[in-house]
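S.K.: Structure below; questions to follow.
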Amino acid sequence: MNTMSRKKIVAGNWKMNKTLPEAQQLINEIINSCVEDTAVQKIVFPPFLFLPAVSLATGQRNDFFTGAQNCHTHDAGAYTGEVSAQAIASVGATYVLVGHSERRQYFKEDSHQLKSKIEAVFRNKLVPLYCVGEVLNERKENRHFDVVGNQLSEVIKELSAVQLQQLVIAYEPVWAIGTGETATPQQAEEMHAYIRKIIAQLHGEAVAEHIPLLYGGSCNPGNAAELFSCPNVDGGLIGGASLKAADFLSIIASIKLLVNN
Ligand code: 13P
């Protein structure tokens, strides 16, 4: 497959930021300043409470989508304080982040649980954006390939061909998240190529070539173009820089340039 024919995606993970008026202002500012272009999918992941309002705004466009940052493994029940994929689907969202490093680190989510979450996401006709990435010590000890390989294979090995058609994966080295330290394009490309190799071993070359792999970790307007120009990097999952319309728009513009040239 020609790498240019893979889906290109720029996603913004707003994490636990913004109030409702701020979230509405941010999404409107982004959408109004961005010419419709379905060659690049734009996804925003606001906090749960703002999903209906943000989905309403992105629903007016064919190139913008909304996603949740997490979901529960069950569709309904006595799980106080949790939110199901069924509820997420009912408010117009399309995607769900699964396995973000902050969920793994602070909420001790493991592969077993993440597998159930991905099942819940698919069961409710949503699309999982599955996150993998090593912590600093694992890289220092040269274990980063093993760690990411395990995070990947433990969760995606039993997915069906139809599910794999939809799956999106993000590589987010934990040492680069919110630290201002970015993986070099070489480090990102090397890991993305490795991820594609693991997927090929599990599910074959064609599936591996089809799945969009996003890079995340201190991606900003200054480094996005170089990261996105790597052959195995199909876009970005942006944290801090997605909270400012101008920065997010500039990151979108840098991938549009690559796609349209
Ligand atoms: P930063 O872009 O703030 O490093 O966050 C990356 C991230 O965690 C996106 O999910």
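Residue numbers start at 1 in each chain; chains themselves are named A, B, ... in the order of the structure tokens; ligands are numbered from 1 in the order shown.
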Select the residues contacting ligand 1 at a distance of at most 9 Å, based on only C-alpha atoms and all ligand atoms, then format the selection as a PDB file with C-alpha atoms, in the first residue's frame.
M.R.:
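Just written: part_23.pdb:
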ATOM      1  CA  ALA A  11      -6.342  14.286  17.174  1.00  0.00           C
ATOM      2  CA  GLY A  12      -6.487  16.564  20.214  1.00  0.00           C
ATOM      3  CA  ASN A  13      -6.679  15.057  23.685  1.00  0.00           C
ATOM      4  CA  TRP A  14      -7.973  17.831  25.918  1.00  0.00           C
ATOM      5  CA  LYS A  15      -7.495  15.686  29.045  1.00  0.00           C
ATOM      6  CA  GLN A  69     -11.011   9.748  26.646  1.00  0.00           C
ATOM      7  CA  LEU A  97      -9.200   6.546  23.581  1.00  0.00           C
ATOM      8  CA  HIS A 100      -3.762   6.231  27.409  1.00  0.00           C
ATOM      9  CA  SER A 101      -0.610   6.176  29.546  1.00  0.00           C
ATOM     10  CA  GLU A 102      -2.291   8.337  32.182  1.00  0.00           C
ATOM     11  CA  CYS A 131      -2.442   4.009  22.947  1.00  0.00           C
ATOM     12  CA  ALA A 170      -1.092   5.938  18.880  1.00  0.00           C
ATOM     13  CA  GLU A 172       3.052   7.911  22.965  1.00  0.00           C
ATOM     14  CA  PRO A 173       6.410   7.545  24.714  1.00  0.00           C
ATOM     15  CA  VAL A 174       5.523   8.433  28.312  1.00  0.00           C
ATOM     16  CA  TRP A 175       8.780  10.353  28.811  1.00  0.00           C
ATOM     17  CA  ALA A 176       7.695  12.739  26.035  1.00  0.00           C
ATOM     18  CA  ILE A 177       4.164  13.444  27.324  1.00  0.00           C
ATOM     19  CA  GLY A 178       3.759  16.933  28.747  1.00  0.00           C
ATOM     20  CA  THR A 179       7.508  17.186  29.281  1.00  0.00           C
ATOM     21  CA  GLY A 180       8.453  19.330  26.290  1.00  0.00           C
ATOM     22  CA  GLU A 181      10.804  16.526  25.313  1.00  0.00           C
ATOM     23  CA  THR A 182       9.800  15.009  21.973  1.00  0.00           C
ATOM     24  CA  TYR A 215       2.626   9.886  17.266  1.00  0.00           C
ATOM     25  CA  GLY A 216       1.958  11.633  20.596  1.00  0.00           C
ATOM     26  CA  GLY A 217       4.245  13.360  23.095  1.00  0.00           C
ATOM     27  CA  SER A 218       5.020  17.108  23.100  1.00  0.00           C
ATOM     28  CA  CYS A 219       4.030  17.409  19.462  1.00  0.00           C
ATOM     29  CA  ASN A 220       3.745  21.113  18.617  1.00  0.00           C
ATOM     30  CA  GLY A 236      -0.543  12.942  15.771  1.00  0.00           C
ATOM     31  CA  LEU A 237      -2.297  12.707  19.115  1.00  0.00           C
ATOM     32  CA  ILE A 238      -1.791  16.144  20.587  1.00  0.00           C
ATOM     33  CA  GLY A 239      -2.138  17.085  24.259  1.00  0.00           C
ATOM     34  CA  GLY A 240      -1.092  20.563  25.417  1.00  0.00           C
ATOM     35  CA  ALA A 241      -0.930  22.101  21.937  1.00  0.00           C
ATOM     36  CA  SER A 242      -4.519  21.011  21.191  1.00  0.00           C
TER      37      SER A 242
END
S.K.: How would you write, as a PyMOL selection string, the set of residues in region 45-171 of chain A that DSSP gives as alpha helix (DSSP H)?
M.R.: chain A and resi 51-58+85-90+101-106+111-123+136-140+144-156+161-166
S.K.: Would you list the contacts of Arg139 (chain A) as number ranges by chain, taking every protein, DNA or RNA residue within 12 Å and counting only C-alpha atoms, but skipping same-chain residues closer than 3 positions in sequence?
M.R.: A: 133-136, 142-148, 173-176, 183, 187, 191
S.K.: Do you know which residues are at most 10 Å from Asn17 (chain A) counting only C-alpha atoms, after dropping those on the same chain fewer than 4 positions away, and could you put them as a ChimeraX atom specification?
M.R.: /A:13,22-23,46-47,240,243
S.K.: Filtering to N, CA, C and O atoms, could you give me those residues as a PDB file, in the first residue's frame?
M.R.:
ATOM      1  N   ASN A  13      -6.224  15.590  22.406  1.00  0.00           N
ATOM      2  CA  ASN A  13      -6.679  15.057  23.685  1.00  0.00           C
ATOM      3  C   ASN A  13      -6.680  16.202  24.699  1.00  0.00           C
ATOM      4  O   ASN A  13      -5.623  16.630  25.144  1.00  0.00           O
ATOM      5  N   GLU A  22     -15.652  27.304  27.599  1.00  0.00           N
ATOM      6  CA  GLU A  22     -14.316  27.299  26.969  1.00  0.00           C
ATOM      7  C   GLU A  22     -14.201  26.211  25.905  1.00  0.00           C
ATOM      8  O   GLU A  22     -13.605  26.411  24.851  1.00  0.00           O
ATOM      9  N   ALA A  23     -14.786  25.049  26.206  1.00  0.00           N
ATOM     10  CA  ALA A  23     -14.731  23.936  25.251  1.00  0.00           C
ATOM     11  C   ALA A  23     -15.494  24.301  23.980  1.00  0.00           C
ATOM     12  O   ALA A  23     -15.035  24.041  22.866  1.00  0.00           O
ATOM     13  N   PRO A  46     -12.717  15.715  24.198  1.00  0.00           N
ATOM     14  CA  PRO A  46     -12.965  16.572  25.358  1.00  0.00           C
ATOM     15  C   PRO A  46     -13.316  15.728  26.586  1.00  0.00           C
ATOM     16  O   PRO A  46     -13.585  14.536  26.451  1.00  0.00           O
ATOM     17  N   PRO A  47     -13.368  16.334  27.772  1.00  0.00           N
ATOM     18  CA  PRO A  47     -13.883  15.612  28.938  1.00  0.00           C
ATOM     19  C   PRO A  47     -15.323  15.141  28.665  1.00  0.00           C
ATOM     20  O   PRO A  47     -16.044  15.775  27.886  1.00  0.00           O
ATOM     21  N   GLY A 240      -1.152  19.129  25.093  1.00  0.00           N
ATOM     22  CA  GLY A 240      -1.092  20.563  25.417  1.00  0.00           C
ATOM     23  C   GLY A 240      -1.380  21.489  24.237  1.00  0.00           C
ATOM     24  O   GLY A 240      -2.151  22.449  24.366  1.00  0.00           O
ATOM     25  N   LEU A 243      -4.968  22.498  23.057  1.00  0.00           N
ATOM     26  CA  LEU A 243      -5.824  23.361  23.878  1.00  0.00           C
ATOM     27  C   LEU A 243      -5.836  24.795  23.376  1.00  0.00           C
ATOM     28  O   LEU A 243      -6.584  25.634  23.875  1.00  0.00           O
TER      29      LEU A 243
END
S.K.: Counting only C-alpha atoms, figure out which residue out of A:Lys140, A:Gly149, A:Gly67, A:Phe48 gets nearest to Gly81 (chain A).
M.R.: A:Phe48
S.K.: Sort by chain and increasing residue number a table of all residues of region 81-118 of chain A within 7 Å of region 152-168 of chain A, each with its closest pair of atoms and their distance in Å to one decimal, counting only C-alpha atoms, and write it as a Markdown table.
M.R.:
| residue | atom | partner | partner_atom | distance |
| --- | --- | --- | --- | --- |
| A:Ser111 | CA | A:Val155 | CA | 6.0 |
| A:Leu114 | CA | A:Val155 | CA | 6.9 |
| A:Lys115 | CA | A:Val155 | CA | 5.1 |
S.K.: Write a file of the just-selected residues containing N, CA, C and O atoms, as an mmCIF file, in the first residue's frame.
M.R.:
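Saved file again-v8.cif follows:
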data_model
loop_
_atom_site.group_PDB
_atom_site.id
_atom_site.type_symbol
_atom_site.label_atom_id
_atom_site.label_comp_id
_atom_site.auth_asym_id
_atom_site.auth_seq_id
_atom_site.Cartn_x
_atom_site.Cartn_y
_atom_site.Cartn_z
ATOM 1 N N SER A 111 -3.641 -4.791 30.441
ATOM 2 C CA SER A 111 -4.023 -5.312 29.122
ATOM 3 C C SER A 111 -5.361 -6.043 29.159
ATOM 4 O O SER A 111 -6.163 -5.931 28.231
ATOM 5 N N LEU A 114 -8.016 -3.456 29.256
ATOM 6 C CA LEU A 114 -8.033 -2.670 28.014
ATOM 7 C C LEU A 114 -8.640 -3.473 26.867
ATOM 8 O O LEU A 114 -9.325 -2.930 26.004
ATOM 9 N N LYS A 115 -8.405 -4.774 26.908
ATOM 10 C CA LYS A 115 -9.010 -5.652 25.902
ATOM 11 C C LYS A 115 -10.540 -5.604 26.024
ATOM 12 O O LYS A 115 -11.255 -5.506 25.027
#
S.K.: Compile the contact shell of region 121-128 of chain A as a list in words: residues with an atom at most 6 Å away, counting only C-alpha atoms, same-chain residues fewer than 3 positions apart removed.
M.R.: Ala85, Gln86, Thr94, Tyr95, Val96, Leu97, Ile118 and Leu167 of chain A
S.K.: CA of Ala76 (chain A) and CA of Gln105 (chain A) are how many Å apart?
M.R.: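 Computing the Euclidean distance for CA of Ala76 (chain A) and CA of Gln105 (chain A) yields 25.3 Å.
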S.K.: Identify all residues of region 9-230 of chain A in strand (DSSP E) (DSSP on the backbone) and supply them as a count of residues only.
M.R.: 34
S.K.: Any idea what the distance is between CA of Arg103 (chain A) and CA of Tyr79 (chain A)?
M.R.: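 These atoms are spaced 17.4 Å apart.
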S.K.: Residues within 7 Å of Ala93 (chain A), please, as a list of chain:residue names. Count only C-alpha atoms; anything in the same chain fewer than 3 positions from it doesn't count.
M.R.: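 Answer for this query is A:Leu51, A:Ser55, A:Thr66, A:Gly67, A:Ile88, A:Ala89.
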S.K.: Would you export the selected residues with N, CA, C and O atoms as a JSON list (two decimals), in the first residue's frame, please?
M.R.:
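Once written, result05.json looks like this:
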[["chain", "number", "residue", "atom", "x", "y", "z"],
["A", 51, "LEU", "N", -19.01, 16.18, 25.80],
["A", 51, "LEU", "CA", -19.18, 15.38, 24.57],
["A", 51, "LEU", "C", -20.41, 15.78, 23.76],
["A", 51, "LEU", "O", -20.31, 15.94, 22.54],
["A", 55, "SER", "N", -19.78, 17.26, 20.15],
["A", 55, "SER", "CA", -20.25, 16.40, 19.06],
["A", 55, "SER", "C", -21.21, 17.15, 18.14],
["A", 55, "SER", "O", -21.22, 16.94, 16.93],
["A", 66, "THR", "N", -15.65, 13.55, 17.16],
["A", 66, "THR", "CA", -15.45, 13.70, 18.60],
["A", 66, "THR", "C", -15.24, 12.32, 19.23],
["A", 66, "THR", "O", -15.82, 11.34, 18.76],
["A", 67, "GLY", "N", -14.43, 12.27, 20.26],
["A", 67, "GLY", "CA", -14.21, 11.01, 20.94],
["A", 67, "GLY", "C", -14.16, 11.19, 22.44],
["A", 67, "GLY", "O", -13.97, 12.31, 22.95],
["A", 88, "ILE", "N", -21.64, 6.88, 25.51],
["A", 88, "ILE", "CA", -20.80, 7.73, 24.64],
["A", 88, "ILE", "C", -21.37, 7.75, 23.22],
["A", 88, "ILE", "O", -21.50, 8.80, 22.59],
["A", 89, "ALA", "N", -21.75, 6.56, 22.73],
["A", 89, "ALA", "CA", -22.29, 6.47, 21.36],
["A", 89, "ALA", "C", -23.59, 7.26, 21.26],
["A", 89, "ALA", "O", -23.87, 7.87, 20.22]]
S.K.: State, in Å with one decimal place, the distance from CA of Leu214 (chain A) to CA of Thr19 (chain A).
M.R.: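 CA of Thr19 (chain A) lies at a distance of 27.1 Å from CA of Leu214 (chain A).
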